[in-house]
Each structure stands twice: as structure tokens, then as C-alpha cells.
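Source file: my_file33.cif; contents: mmCIF, C-alpha atoms.
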```cif
data_model
#
loop_
_atom_site.label_atom_id
_atom_site.label_comp_id
_atom_site.auth_asym_id
_atom_site.auth_seq_id
_atom_site.Cartn_x
_atom_site.Cartn_y
_atom_site.Cartn_z
CA MET A 199 0.42 -14.87 27.53
CA ALA A 200 3.91 -16.31 27.84
CA PHE A 201 6.60 -14.27 26.14
CA GLY A 202 9.37 -15.52 23.94
CA GLN A 203 7.72 -18.86 23.37
CA SER A 204 6.65 -20.27 20.07
CA ARG A 205 2.94 -20.26 19.51
CA ILE A 206 2.05 -23.66 18.16
CA ALA A 207 0.35 -22.88 14.89
CA ARG A 208 -2.45 -25.33 14.17
CA LEU A 209 -4.62 -25.92 11.15
CA VAL A 210 -8.01 -24.45 12.07
CA LEU A 211 -9.84 -25.96 9.07
CA PRO A 212 -9.35 -29.74 9.12
CA VAL A 213 -8.82 -31.54 5.84
CA SER A 214 -12.20 -32.76 4.61
CA SER A 215 -14.18 -33.53 1.48
CA ARG A 216 -13.95 -29.82 0.56
CA ASP A 217 -10.25 -30.30 -0.11
CA HIS A 218 -8.32 -31.49 -3.11
CA THR A 219 -6.42 -34.48 -1.80
CA GLN A 220 -4.19 -37.27 -3.02
CA GLY A 221 -3.75 -40.47 -1.02
CA PRO A 222 -6.08 -42.35 1.31
CA ALA A 223 -8.34 -40.44 3.72
CA ASP A 224 -7.25 -42.76 6.55
CA ALA A 225 -3.51 -42.36 5.90
CA PRO A 226 -1.61 -41.96 9.19
CA ALA A 227 0.09 -38.77 8.00
CA THR A 228 -1.47 -35.81 6.20
CA LEU A 229 0.62 -33.11 4.56
CA VAL A 230 -1.18 -29.84 3.78
CA GLU A 231 0.50 -27.20 1.64
CA TYR A 232 -0.63 -23.58 1.40
CA GLY A 233 0.83 -22.37 -1.87
CA ASP A 234 0.81 -19.83 -4.67
CA TYR A 235 1.21 -20.82 -8.34
CA GLN A 236 3.47 -17.87 -9.09
CA CYS A 237 5.73 -18.29 -6.07
CA PRO A 238 9.15 -19.67 -7.08
CA TYR A 239 9.61 -21.39 -3.71
CA CYS A 240 6.29 -23.19 -4.26
CA GLY A 241 7.53 -24.18 -7.70
CA ALA A 242 10.50 -25.81 -6.01
CA ALA A 243 8.23 -27.39 -3.41
CA HIS A 244 6.06 -28.94 -6.14
CA GLY A 245 8.81 -31.36 -7.16
CA ILE A 246 9.73 -32.00 -3.53
CA VAL A 247 6.15 -32.95 -2.63
CA LYS A 248 6.05 -35.35 -5.58
CA ALA A 249 9.29 -36.97 -4.38
CA VAL A 250 7.87 -37.29 -0.85
CA GLN A 251 4.66 -38.86 -2.21
CA ALA A 252 6.67 -41.28 -4.36
CA ARG A 253 8.61 -42.40 -1.29
CA LEU A 254 5.72 -42.71 1.18
CA GLY A 255 2.98 -43.85 -1.20
CA HIS A 256 -0.24 -44.75 0.59
CA ARG A 257 1.24 -43.97 3.99
CA MET A 258 0.43 -40.30 3.40
CA ARG A 259 -2.29 -38.00 2.15
CA PHE A 260 -1.55 -34.65 0.51
CA ALA A 261 -3.87 -31.63 0.32
CA PHE A 262 -3.19 -28.37 -1.49
CA ARG A 263 -4.82 -25.08 -0.50
CA HIS A 264 -4.47 -21.69 -2.16
CA PHE A 265 -2.55 -18.83 -0.60
CA PRO A 266 -2.02 -16.32 -3.43
CA LEU A 267 0.15 -13.34 -2.45
CA ALA A 268 -1.71 -11.09 -4.85
CA GLU A 269 0.30 -7.90 -4.34
CA ILE A 270 3.62 -9.45 -5.31
CA HIS A 271 2.31 -12.19 -7.62
CA LEU A 272 -0.20 -10.53 -9.89
CA TYR A 273 -1.13 -13.71 -11.78
CA ALA A 274 -1.48 -15.92 -8.70
CA PRO A 275 -5.13 -15.23 -7.78
CA LEU A 276 -6.54 -16.05 -11.21
CA ALA A 277 -4.24 -19.06 -11.52
CA ALA A 278 -5.72 -20.35 -8.25
CA GLU A 279 -9.23 -19.78 -9.63
CA ALA A 280 -8.19 -21.65 -12.78
CA ALA A 281 -7.17 -24.67 -10.68
CA GLU A 282 -10.56 -24.56 -8.93
CA ALA A 283 -12.42 -24.18 -12.23
CA ALA A 284 -10.57 -27.27 -13.45
CA GLY A 285 -11.43 -28.97 -10.17
CA ALA A 286 -15.11 -28.33 -10.80
CA GLN A 287 -14.65 -30.40 -13.97
CA GLY A 288 -12.77 -33.13 -12.11
CA LYS A 289 -9.34 -32.03 -13.32
CA PHE A 290 -7.83 -30.18 -10.37
CA TRP A 291 -4.56 -32.11 -10.20
CA PRO A 292 -3.70 -32.05 -13.92
CA MET A 293 -4.25 -28.26 -13.89
CA HIS A 294 -2.32 -27.90 -10.63
CA ASP A 295 0.67 -29.71 -12.14
CA THR A 296 0.44 -27.73 -15.38
CA LEU A 297 0.39 -24.40 -13.54
CA PHE A 298 3.47 -25.25 -11.47
CA GLU A 299 5.26 -26.55 -14.55
CA ASN A 300 4.53 -23.26 -16.35
CA GLN A 301 4.98 -20.68 -13.60
CA HIS A 302 6.57 -18.24 -16.03
CA ALA A 303 3.39 -18.02 -18.16
CA LEU A 304 0.22 -17.60 -16.12
CA ASP A 305 -1.49 -14.87 -18.16
CA ASP A 306 -5.13 -15.28 -19.24
CA ALA A 307 -4.33 -16.65 -22.69
CA SER A 308 -1.95 -19.22 -21.23
CA LEU A 309 -4.56 -20.36 -18.71
CA VAL A 310 -6.99 -21.02 -21.57
CA THR A 311 -4.30 -22.97 -23.41
CA TYR A 312 -3.74 -25.13 -20.33
CA ALA A 313 -7.49 -25.66 -19.94
CA ARG A 314 -7.60 -27.03 -23.48
CA HIS A 315 -4.47 -29.10 -22.83
CA VAL A 316 -5.95 -30.84 -19.76
CA GLY A 317 -9.21 -31.49 -21.60
CA LEU A 318 -11.63 -29.06 -19.99
CA ASP A 319 -14.86 -27.68 -21.39
CA VAL A 320 -13.12 -24.45 -22.34
CA SER A 321 -16.19 -22.24 -22.64
CA GLN A 322 -17.28 -23.22 -19.13
CA PHE A 323 -13.73 -22.58 -17.88
CA VAL A 324 -13.57 -19.14 -19.49
CA SER A 325 -16.94 -18.18 -18.09
CA ASP A 326 -15.91 -19.35 -14.58
CA LEU A 327 -12.81 -17.17 -14.75
CA ALA A 328 -14.70 -14.17 -16.17
CA ASP A 329 -17.31 -14.41 -13.39
CA HIS A 330 -14.70 -15.18 -10.72
CA THR A 331 -16.94 -18.10 -9.75
CA TRP A 332 -14.20 -19.67 -7.65
CA ALA A 333 -12.80 -16.51 -6.05
CA PRO A 334 -14.76 -17.08 -2.80
CA ARG A 335 -13.35 -20.59 -2.57
CA VAL A 336 -9.80 -19.28 -3.06
CA ARG A 337 -10.46 -16.62 -0.41
CA GLU A 338 -11.76 -19.30 1.97
CA ASP A 339 -8.52 -21.24 1.53
CA PHE A 340 -6.51 -18.05 2.05
CA MET A 341 -8.33 -17.03 5.23
CA SER A 342 -8.13 -20.55 6.65
CA GLY A 343 -4.39 -20.22 6.16
CA VAL A 344 -4.21 -16.81 7.81
CA ARG A 345 -6.14 -18.12 10.82
CA SER A 346 -3.86 -21.17 11.03
CA GLY A 347 -0.65 -19.15 11.13
CA VAL A 348 0.46 -19.46 7.50
CA ASN A 349 3.42 -17.09 7.34
CA GLY A 350 4.57 -17.24 3.75
CA THR A 351 4.51 -19.57 0.80
CA PRO A 352 4.82 -22.43 0.87
CA THR A 353 3.65 -23.24 4.41
CA PHE A 354 3.23 -26.90 5.32
CA PHE A 355 1.16 -28.53 8.05
CA ILE A 356 1.76 -32.12 9.14
CA ASN A 357 -1.17 -33.73 10.94
CA GLY A 358 -2.49 -30.27 11.68
CA ILE A 359 0.68 -28.68 13.11
CA ARG A 360 2.67 -26.06 11.16
CA HIS A 361 5.99 -27.41 9.96
CA ASP A 362 8.63 -24.73 10.61
CA GLY A 363 12.14 -24.91 9.23
CA PRO A 364 13.55 -26.70 6.18
CA TRP A 365 11.21 -28.52 3.81
CA ASP A 366 13.56 -30.56 1.65
CA ALA A 367 12.27 -34.07 0.82
CA ASP A 368 14.28 -35.87 3.50
CA THR A 369 13.13 -33.48 6.24
CA LEU A 370 9.48 -33.74 5.20
CA ILE A 371 9.65 -37.54 4.96
CA GLU A 372 11.21 -37.75 8.40
CA ALA A 373 8.55 -35.43 9.88
CA LEU A 374 5.71 -37.33 8.20
CA VAL A 375 7.03 -40.69 9.37
CA ALA A 376 7.37 -39.33 12.91
CA ALA A 377 3.82 -37.92 12.81
CA ALA A 378 2.50 -41.24 11.48
CA ALA A 379 4.17 -43.09 14.38
CA VAL A 380 2.46 -40.83 16.91
CA HIS A 381 -0.84 -41.28 15.09
CA ALA A 382 -0.60 -45.10 15.13
CA MET B 275 14.58 -7.99 26.96
CA GLN B 276 10.84 -8.57 27.48
CA PRO B 277 8.26 -6.78 25.36
CA LEU B 278 5.90 -4.46 27.19
CA PRO B 279 2.98 -6.57 28.38
CA ALA B 280 -0.77 -6.11 27.96
CA GLY B 281 -2.17 -3.39 30.19
CA THR B 282 0.84 -1.08 29.73
CA LYS B 283 0.42 2.38 28.27
CA ALA B 284 2.06 2.33 24.84
CA PRO B 285 5.02 4.75 24.76
CA ASP B 286 4.36 7.56 22.29
CA PHE B 287 6.79 8.13 19.43
CA ALA B 288 7.31 10.20 16.33
CA LEU B 289 9.10 8.36 13.54
CA ASN B 290 9.63 9.17 9.90
CA SER B 291 7.68 7.11 7.39
CA THR B 292 9.14 9.06 4.45
CA PRO B 293 11.92 11.68 4.29
CA ASP B 294 9.41 14.43 5.08
CA GLN B 295 6.55 12.72 6.92
CA LYS B 296 6.42 11.75 10.54
CA VAL B 297 3.97 9.33 12.15
CA ASN B 298 3.01 9.80 15.81
CA LEU B 299 1.43 7.00 17.76
CA SER B 300 -1.11 9.54 19.04
CA ASP B 301 -2.28 10.06 15.42
CA PHE B 302 -4.17 6.79 15.78
CA ARG B 303 -5.99 7.62 19.02
CA GLY B 304 -9.58 6.40 18.87
CA ASN B 305 -8.80 3.34 16.78
CA PRO B 306 -6.65 0.26 17.31
CA VAL B 307 -3.14 0.21 15.92
CA ILE B 308 -0.88 -2.75 15.26
CA LEU B 309 2.86 -2.22 15.67
CA ALA B 310 4.95 -4.89 13.96
CA PHE B 311 8.63 -4.60 14.84
CA TYR B 312 10.86 -6.67 12.55
CA PRO B 313 14.61 -7.10 12.07
CA ALA B 314 15.18 -5.79 8.55
CA ASP B 315 13.76 -4.93 5.15
CA TRP B 316 14.49 -7.27 2.24
CA SER B 317 14.12 -10.70 3.79
CA PRO B 318 13.34 -13.47 1.26
CA VAL B 319 10.18 -12.52 -0.53
CA CYS B 320 7.55 -15.24 -0.22
CA GLY B 321 8.13 -15.76 3.50
CA ASP B 322 8.22 -12.08 4.29
CA GLN B 323 6.19 -10.88 7.25
CA MET B 324 5.35 -7.43 5.80
CA THR B 325 4.25 -9.02 2.50
CA LEU B 326 1.90 -11.29 4.43
CA TYR B 327 0.43 -8.43 6.48
CA ASN B 328 -0.09 -6.46 3.29
CA GLU B 329 -2.38 -9.25 2.04
CA VAL B 330 -4.24 -9.43 5.36
CA LEU B 331 -4.69 -5.65 5.59
CA PRO B 332 -8.41 -5.76 4.60
CA GLU B 333 -9.04 -8.06 7.59
CA PHE B 334 -7.25 -5.65 9.93
CA ARG B 335 -9.31 -2.80 8.52
CA LYS B 336 -12.54 -4.61 9.36
CA HIS B 337 -11.54 -3.85 12.95
CA HIS B 338 -10.67 -0.23 11.98
CA ALA B 339 -7.09 -1.08 12.87
CA ALA B 340 -4.08 0.66 11.36
CA LEU B 341 -0.79 -1.16 10.86
CA CYS B 342 2.78 0.19 11.09
CA GLY B 343 5.91 -1.82 10.41
CA ILE B 344 8.96 -0.64 12.37
CA SER B 345 12.62 -1.51 11.83
CA VAL B 346 15.96 0.28 12.18
CA ASP B 347 16.22 0.69 8.40
CA GLY B 348 16.27 4.26 7.10
CA VAL B 349 13.51 6.01 5.16
CA TRP B 350 15.11 5.50 1.74
CA CYS B 351 15.52 1.80 2.36
CA HIS B 352 11.91 1.57 3.58
CA GLY B 353 10.73 3.49 0.51
CA ALA B 354 12.43 1.12 -1.91
CA PHE B 355 11.25 -1.94 0.01
CA ALA B 356 7.64 -0.73 0.26
CA ALA B 357 7.56 0.07 -3.48
CA ASN B 358 9.05 -3.29 -4.40
CA ARG B 359 6.53 -5.22 -2.29
CA ARG B 360 3.63 -2.87 -3.08
CA LEU B 361 2.93 -2.29 0.60
CA HIS B 362 -0.16 -0.27 1.50
CA PHE B 363 0.81 0.66 5.05
CA PRO B 364 3.65 2.77 6.48
CA LEU B 365 7.07 1.47 7.44
CA LEU B 366 8.60 3.58 10.20
CA ALA B 367 12.32 4.25 10.46
CA ASP B 368 13.61 3.70 14.01
CA PHE B 369 16.91 4.92 12.65
CA GLU B 370 18.28 7.79 14.74
CA PRO B 371 18.94 7.29 17.55
CA LYS B 372 19.03 3.75 16.32
CA GLY B 373 16.38 1.46 17.80
CA ALA B 374 15.27 4.02 20.41
CA VAL B 375 11.56 3.23 20.00
CA ALA B 376 12.16 -0.52 19.85
CA LYS B 377 14.03 -0.20 23.15
CA THR B 378 11.11 1.57 24.84
CA TYR B 379 8.86 -1.31 23.79
CA GLY B 380 11.33 -3.97 24.96
CA ALA B 381 11.77 -5.10 21.39
CA TYR B 382 15.45 -4.48 20.60
CA ARG B 383 18.29 -6.94 20.15
CA ALA B 384 21.37 -5.04 21.28
CA LYS B 385 23.81 -7.71 20.13
CA GLU B 386 22.63 -7.62 16.50
CA GLY B 387 21.49 -4.01 16.56
CA VAL B 388 18.04 -4.77 15.12
CA ALA B 389 14.44 -4.87 16.31
CA GLU B 390 12.96 -8.14 17.48
CA ARG B 391 10.05 -9.75 15.71
CA ALA B 392 7.59 -8.32 18.21
CA LEU B 393 3.91 -7.53 17.79
CA PHE B 394 1.77 -5.08 19.75
CA VAL B 395 -1.95 -4.47 19.47
CA ILE B 396 -2.81 -1.10 21.02
CA ASP B 397 -6.37 0.00 21.69
CA GLY B 398 -7.96 3.35 20.87
CA ASP B 399 -6.97 4.69 24.30
CA GLY B 400 -3.29 3.98 23.72
CA ILE B 401 -3.10 0.91 25.97
CA ILE B 402 -1.26 -2.22 24.86
CA ARG B 403 -3.85 -5.00 24.79
CA TRP B 404 -1.70 -7.81 23.38
CA SER B 405 1.98 -8.31 22.75
CA TYR B 406 3.99 -11.18 21.39
CA LEU B 407 7.66 -11.83 20.88
CA SER B 408 8.39 -14.35 18.14
CA PRO B 409 11.62 -16.31 17.82
CA ILE B 410 13.70 -14.08 15.51
CA GLY B 411 13.81 -16.66 12.71
CA VAL B 412 10.09 -17.39 12.74
CA ASN B 413 7.64 -15.13 10.96
CA PRO B 414 4.75 -15.18 13.45
CA GLY B 415 1.94 -14.97 10.88
CA ALA B 416 -1.21 -12.91 11.37
CA ASP B 417 -3.47 -15.20 13.40
CA GLY B 418 -2.44 -13.80 16.81
CA ILE B 419 -3.09 -10.22 15.67
CA LEU B 420 -6.57 -11.11 14.38
CA GLU B 421 -7.46 -12.89 17.62
CA ALA B 422 -6.33 -9.86 19.62
CA LEU B 423 -8.36 -7.48 17.42
CA GLU B 424 -11.42 -9.69 17.79
CA SER B 425 -11.18 -9.72 21.57
CA LEU B 426 -10.80 -5.91 21.46
CA SER B 427 -13.94 -5.60 19.35
CA ALA B 428 -15.80 -8.01 21.65
CA ALA B 429 -14.77 -6.41 24.95
CA PRO B 430 -16.79 -3.37 26.01
CA ARG B 431 -14.66 -0.26 26.39
CA PRO B 432 -14.40 0.83 30.03
CA ALA B 433 -16.69 3.80 30.73
#
```
If you took the structure in this file and wrote it as C-alpha cells, what would it be?
Amino acid sequence: MAFGQSRIARLVLPVSSRDHTQGPADAPATLVEYGDYQCPYCGAAHGIVKAVQARLGHRMRFAFRHFPLAEIHLYAPLAAEAAEAAGAQGKFWPMHDTLFENQHALDDASLVTYARHVGLDVSQFVSDLADHTWAPRVREDFMSGVRSGVNGTPTFFINGIRHDGPWDADTLIEALVAAAAVHA
Amino acid sequence: MQPLPAGTKAPDFALNSTPDQKVNLSDFRGNPVILAFYPADWSPVCGDQMTLYNEVLPEFRKHHAALCGISVDGVWCHGAFAANRRLHFPLLADFEPKGAVAKTYGAYRAKEGVAERALFVIDGDGIIRWSYLSPIGVNPGADGILEALESLSAAPRPA
């Protein structure tokens, strides 16, 4: 073991069909975010990721995985399950956007309101949340993050390597373009 | 300063976790213990190392491992921080003489007067089995600790 050197943190669970993704599967750059719907920094990152996607278009793919910090963000675990329950009905991304746009109101009643708003089968949604049907999936995301060196929220990976340091839009775009060039 | 390497006997210590409770390293004999030295309480919340470890605590416990955070902050500061972040493990105050325990582990930054971000996994016999010094600005995450605990669980204990 070498001391005082950075461990290179790598994504141990590659992006696959299990993931919620936007952009082409063969894009030269893949951005993975581990995030928490109640985390204010992730709320800020939500808009930044959208700006990055708008700039790079089909040159990138984006995947979002759950990393709820349950002890400090009491509503985050169920919000993550709500996104998965929506995903099971083909509406992951509309729910994902709605949750980040309404970070201040993630209580049970609000989640049901959002489910109705994005056009879900609400009784199925409520039963999924009551049974915690998607909790194992959220846990799987969380543990994949722990094993990959996720160290807070949000944590980004670009082509499988943890992105340390600033994550403003320009920095992320530059890093994605650089990763795409290596990939090509 | 280099952190004590694997194979070294972990220096014993007695540090306050609260105003009237002390924690001795030897209290943990028989089970693994993780020592996480860190610079200071109250770093920004969502990227905080102790907050992360608090979430991963059930995984550490699968290996019967205890976790202690150690910084030069005092017990009252630790108490407020632990309550605010709802931490379920002790924070030890390496407060007086300041940083004395961090120094014995090779995990003190004299210039800034704070502990390094240094991790130690100590086995049930009190021997350091893994150590890691992270760049001070980089929260090292929990993956290295889990790997070290797994190799401890996998390796037969010497007779």
C-alpha cells in the first residue's frame, strides 16, 4: 500500500440496462451521478447536469443512482423509492425532475401528489411505497456507490472514474469531452 | 509524517468521547476497530466523511467492527456535531495535549494543528492491518475500509 497517494476510485457496477439513463448507450462519455433527492447540493447539481446535457447532446449518456443519506435527510429514502416506483411505470425521469424541483416538500402526501401529476397509476404507486417494493433496489444503488468510493452527495463518475473537485457545468463539460477523446 | 503501516501494534490511548466518558483502544480487544482521523467537525454536510460512515455503519457491523472518529475538537464540539448529524458512533477528542494520539499514529499536521484524514483498521489483537492517508481535501469514502475488513474476515487468525 502506497501512502499519501490518491486511490483511484472506480465505478464497480458498470452502467447497464438496470440503470435509468438518458442519451445513447454508445455515447463516448458517460456521466453517472450518485445523488439524494433531499440534498441541497444535488438540487443544485440537477440544473447543472441539465445544462451539461443541453450542451453535449448525444455525445454523452447520463445515469442517476440513489445515494440517500438517511440519517440527515429523513425524506430521501422514500423519495428514492418513489422515483423507482415511477420508473416501474415508465416514468422515472418525470418523477426524478419533479422531486428535485420540489426538494422542500418530500413528505408522503406530496409524493402521492407528484405521482398523480406525472400520470402514474396512483394505487399501484402507493402500494409500492407502503410495501417498500423498491427499497432493495435503492440499497443496491447505495452499496454500489459505497464500494465505488462515493464520498458524499452528489458524487460523479466520468467513464467509470470518480470525478473529484468542482462540478460546475464548464468543468463537467471539459472533463466529459476529455474522457470522450480518450475513448475515441 | 507517515501513518503507522500495516503490521504495527496500534498505540493504546484513552480519549474522552463525552465530558465524563473515556474510550480506550483496549476496550475493543477481540473485535476489529476502525479509527478515522479527520481534520475538524462541521465540514459541509453532504460531503462529510463522518456522515457517510454513519450510513455505512451496518456494513461495518457485519464484520463486528467498531468505528471511532478522532479529531482535535473538544467534547462539547463533538457532542453538538454528533447530535446534529445523528451519528451512532463515538467521536473522540484528541484535545489535550492537542493531537497527541494523532501524532502517535503519524496522522497529525503540525502546520495546521489538525489531524490528517487517515484511516486505520485494527484487528482484534490490536495490530494495524490496513492504513491509508488521504489527501486532506479528499474524503476517502468507505470502500477501502470495507475491503480491509473483508480481508481480515477472510484471513485465518494466527494460532
Could you tell me which residues of chain B sit within 9 Å of chain A when counting only C-alpha atoms, and give me the result as a ChimeraX atom specification?
/B:276-277,279-280,319-323,325-326,328-330,358-361,404-409,412-418,420-421
Under the rule that only C-alpha atoms are counted, which of A:Ala278, A:Asp368, A:Val310, A:Ala249 is the nearest residue to A:Trp332?
A:Ala278
Quick one: which residues end up in the PyMOL selection byres ((chain B and resi 288-300) around 10) for this structure, as a PyMOL selection string?
chain B and resi 284-287+301-304+307+309+342-344+348-353+363-370+375+396+398-400
Please, could you write that set of residues out with C-alpha atoms as an mmCIF file, keeping the file's coordinate frame?
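Heads up, here's the output in result-v5.cif:
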```cif
data_model
loop_
_atom_site.group_PDB
_atom_site.id
_atom_site.type_symbol
_atom_site.label_atom_id
_atom_site.label_comp_id
_atom_site.auth_asym_id
_atom_site.auth_seq_id
_atom_site.Cartn_x
_atom_site.Cartn_y
_atom_site.Cartn_z
ATOM 1 C CA ALA B 284 2.060 2.330 24.840
ATOM 2 C CA PRO B 285 5.020 4.750 24.760
ATOM 3 C CA ASP B 286 4.360 7.560 22.290
ATOM 4 C CA PHE B 287 6.790 8.130 19.430
ATOM 5 C CA ASP B 301 -2.280 10.060 15.420
ATOM 6 C CA PHE B 302 -4.170 6.790 15.780
ATOM 7 C CA ARG B 303 -5.990 7.620 19.020
ATOM 8 C CA GLY B 304 -9.580 6.400 18.870
ATOM 9 C CA VAL B 307 -3.140 0.210 15.920
ATOM 10 C CA LEU B 309 2.860 -2.220 15.670
ATOM 11 C CA CYS B 342 2.780 0.190 11.090
ATOM 12 C CA GLY B 343 5.910 -1.820 10.410
ATOM 13 C CA ILE B 344 8.960 -0.640 12.370
ATOM 14 C CA GLY B 348 16.270 4.260 7.100
ATOM 15 C CA VAL B 349 13.510 6.010 5.160
ATOM 16 C CA TRP B 350 15.110 5.500 1.740
ATOM 17 C CA CYS B 351 15.520 1.800 2.360
ATOM 18 C CA HIS B 352 11.910 1.570 3.580
ATOM 19 C CA GLY B 353 10.730 3.490 0.510
ATOM 20 C CA PHE B 363 0.810 0.660 5.050
ATOM 21 C CA PRO B 364 3.650 2.770 6.480
ATOM 22 C CA LEU B 365 7.070 1.470 7.440
ATOM 23 C CA LEU B 366 8.600 3.580 10.200
ATOM 24 C CA ALA B 367 12.320 4.250 10.460
ATOM 25 C CA ASP B 368 13.610 3.700 14.010
ATOM 26 C CA PHE B 369 16.910 4.920 12.650
ATOM 27 C CA GLU B 370 18.280 7.790 14.740
ATOM 28 C CA VAL B 375 11.560 3.230 20.000
ATOM 29 C CA ILE B 396 -2.810 -1.100 21.020
ATOM 30 C CA GLY B 398 -7.960 3.350 20.870
ATOM 31 C CA ASP B 399 -6.970 4.690 24.300
ATOM 32 C CA GLY B 400 -3.290 3.980 23.720
#
```
What does the structure give for the distance between atom CA of B:Lys385 and atom CA of B:Thr282, in Å to one decimal?
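Atom CA of B:Thr282 lies 25.8 Å from atom CA of B:Lys385.
The space separating atom CA of A:Phe260 from atom CA of A:Leu276 comes to 22.5 Å.
Put simply, atom CA of A:Leu304 is 13.1 Å away from atom CA of A:Leu327.
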Result set, the PyMOL selection byres ((chain A and resi 313) around 10) on current file, as a ChimeraX atom specification
/A:280-281,283-284,289,292-293,296,307-312,314-321,323-324
List the residues matched by the PyMOL selection byres ((chain B and resi 384) around 12) in the displayed structure as an NGL selection string, ordered by chain and then by residue number.
:B and (275 or 313 or 346 or 372-374 or 376-377 or 380-383 or 385-390)
Using all atoms listed in the file: which of A:Phe290, A:Phe354, A:Glu231, A:Gln220 has the shortest distance to A:Ala252
A:Gln220
Leaving out B:Leu423 and any residue of its chain fewer than 6 positions from it, which residues lie within 12 Å of it when counting only C-alpha atoms, given as a short mmCIF file (atom, residue, chain, number, x, y, z; two decimals) with C-alpha atoms, in the coordinates of the input?
```cif
data_model
loop_
_atom_site.label_atom_id
_atom_site.label_comp_id
_atom_site.auth_asym_id
_atom_site.auth_seq_id
_atom_site.Cartn_x
_atom_site.Cartn_y
_atom_site.Cartn_z
CA ASN B 305 -8.80 3.34 16.78
CA PRO B 306 -6.65 0.26 17.31
CA VAL B 307 -3.14 0.21 15.92
CA ILE B 308 -0.88 -2.75 15.26
CA GLU B 333 -9.04 -8.06 7.59
CA PHE B 334 -7.25 -5.65 9.93
CA ARG B 335 -9.31 -2.80 8.52
CA LYS B 336 -12.54 -4.61 9.36
CA HIS B 337 -11.54 -3.85 12.95
CA HIS B 338 -10.67 -0.23 11.98
CA ALA B 339 -7.09 -1.08 12.87
CA ALA B 340 -4.08 0.66 11.36
CA LEU B 341 -0.79 -1.16 10.86
CA PHE B 394 1.77 -5.08 19.75
CA VAL B 395 -1.95 -4.47 19.47
CA ILE B 396 -2.81 -1.10 21.02
CA ASP B 397 -6.37 0.00 21.69
CA GLY B 398 -7.96 3.35 20.87
CA ILE B 402 -1.26 -2.22 24.86
CA ARG B 403 -3.85 -5.00 24.79
CA TRP B 404 -1.70 -7.81 23.38
CA SER B 405 1.98 -8.31 22.75
CA ALA B 416 -1.21 -12.91 11.37
CA ASP B 417 -3.47 -15.20 13.40
CA ALA B 429 -14.77 -6.41 24.95
#
```
Counting all atoms listed in the file, the option among B:Leu393, B:Ala428, B:Ala314, B:Ala354 closest to B:Tyr379
B:Leu393
Would you kindly return, as a ChimeraX atom specification, each protein, DNA or RNA residue with an atom no farther than 12 Å from any atom of A:Arg253, considering all atoms listed in the file and excluding same-chain residues fewer than 2 positions away?
/A:246-251,255-258,367-368,370-372,374-375
Output C-alpha atoms for every residue in that selection, as a CSV table (one decimal), in the coordinates of the input.
```csv
chain,number,residue,atom,x,y,z
A,246,ILE,CA,9.7,-32.0,-3.5
A,247,VAL,CA,6.2,-33.0,-2.6
A,248,LYS,CA,6.0,-35.4,-5.6
A,249,ALA,CA,9.3,-37.0,-4.4
A,250,VAL,CA,7.9,-37.3,-0.8
A,251,GLN,CA,4.7,-38.9,-2.2
A,255,GLY,CA,3.0,-43.8,-1.2
A,256,HIS,CA,-0.2,-44.8,0.6
A,257,ARG,CA,1.2,-44.0,4.0
A,258,MET,CA,0.4,-40.3,3.4
A,367,ALA,CA,12.3,-34.1,0.8
A,368,ASP,CA,14.3,-35.9,3.5
A,370,LEU,CA,9.5,-33.7,5.2
A,371,ILE,CA,9.6,-37.5,5.0
A,372,GLU,CA,11.2,-37.8,8.4
A,374,LEU,CA,5.7,-37.3,8.2
A,375,VAL,CA,7.0,-40.7,9.4
```
Using all atoms of stretch 211-215 of chain A listed in the file and a margin of 4 Å per side, can you give the axis-aligned box centre and edge lengths in Å to one decimal, as AutoDock Vina command-line options?
```
--center_x -11.5 --center_y -29.7 --center_z 5.3 --size_x 13.4 --size_y 15.6 --size_z 15.6
```
Starting from the incomplete input, reconstruct N, CA and C atoms of stretch 323-337 of chain B and report them as a compact mmCIF listing (two decimals), in the frame of the given file.
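Saved file selection-v9.txt follows:
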```
# COMPACT_ATOMS: atom_id res chain seq x y z
N GLN B 323 7.26 -11.24 6.32
CA GLN B 323 6.19 -10.88 7.25
C GLN B 323 5.39 -9.67 6.76
N MET B 324 6.07 -8.64 6.25
CA MET B 324 5.35 -7.43 5.80
C MET B 324 4.50 -7.75 4.57
N THR B 325 5.02 -8.61 3.68
CA THR B 325 4.25 -9.02 2.50
C THR B 325 2.97 -9.74 2.92
N LEU B 326 3.08 -10.58 3.92
CA LEU B 326 1.90 -11.29 4.43
C LEU B 326 0.89 -10.30 5.00
N TYR B 327 1.36 -9.39 5.85
CA TYR B 327 0.43 -8.43 6.48
C TYR B 327 -0.25 -7.55 5.43
N ASN B 328 0.49 -7.25 4.37
CA ASN B 328 -0.09 -6.46 3.29
C ASN B 328 -1.32 -7.16 2.69
N GLU B 329 -1.25 -8.48 2.59
CA GLU B 329 -2.38 -9.25 2.04
C GLU B 329 -3.54 -9.32 3.03
N VAL B 330 -3.21 -9.26 4.32
CA VAL B 330 -4.24 -9.43 5.36
C VAL B 330 -4.83 -8.08 5.78
N LEU B 331 -4.27 -7.01 5.23
CA LEU B 331 -4.69 -5.65 5.59
C LEU B 331 -6.22 -5.44 5.59
N PRO B 332 -6.94 -5.95 4.58
CA PRO B 332 -8.41 -5.76 4.60
C PRO B 332 -9.05 -6.36 5.85
N GLU B 333 -8.49 -7.45 6.37
CA GLU B 333 -9.04 -8.06 7.59
C GLU B 333 -8.76 -7.16 8.80
N PHE B 334 -7.56 -6.57 8.84
CA PHE B 334 -7.25 -5.65 9.93
C PHE B 334 -8.20 -4.45 9.88
N ARG B 335 -8.47 -4.00 8.68
CA ARG B 335 -9.31 -2.80 8.52
C ARG B 335 -10.75 -3.05 8.92
N LYS B 336 -11.18 -4.30 8.87
CA LYS B 336 -12.54 -4.61 9.36
C LYS B 336 -12.67 -4.25 10.83
N HIS B 337 -11.54 -4.24 11.53
CA HIS B 337 -11.54 -3.85 12.95
C HIS B 337 -11.10 -2.39 13.10
```
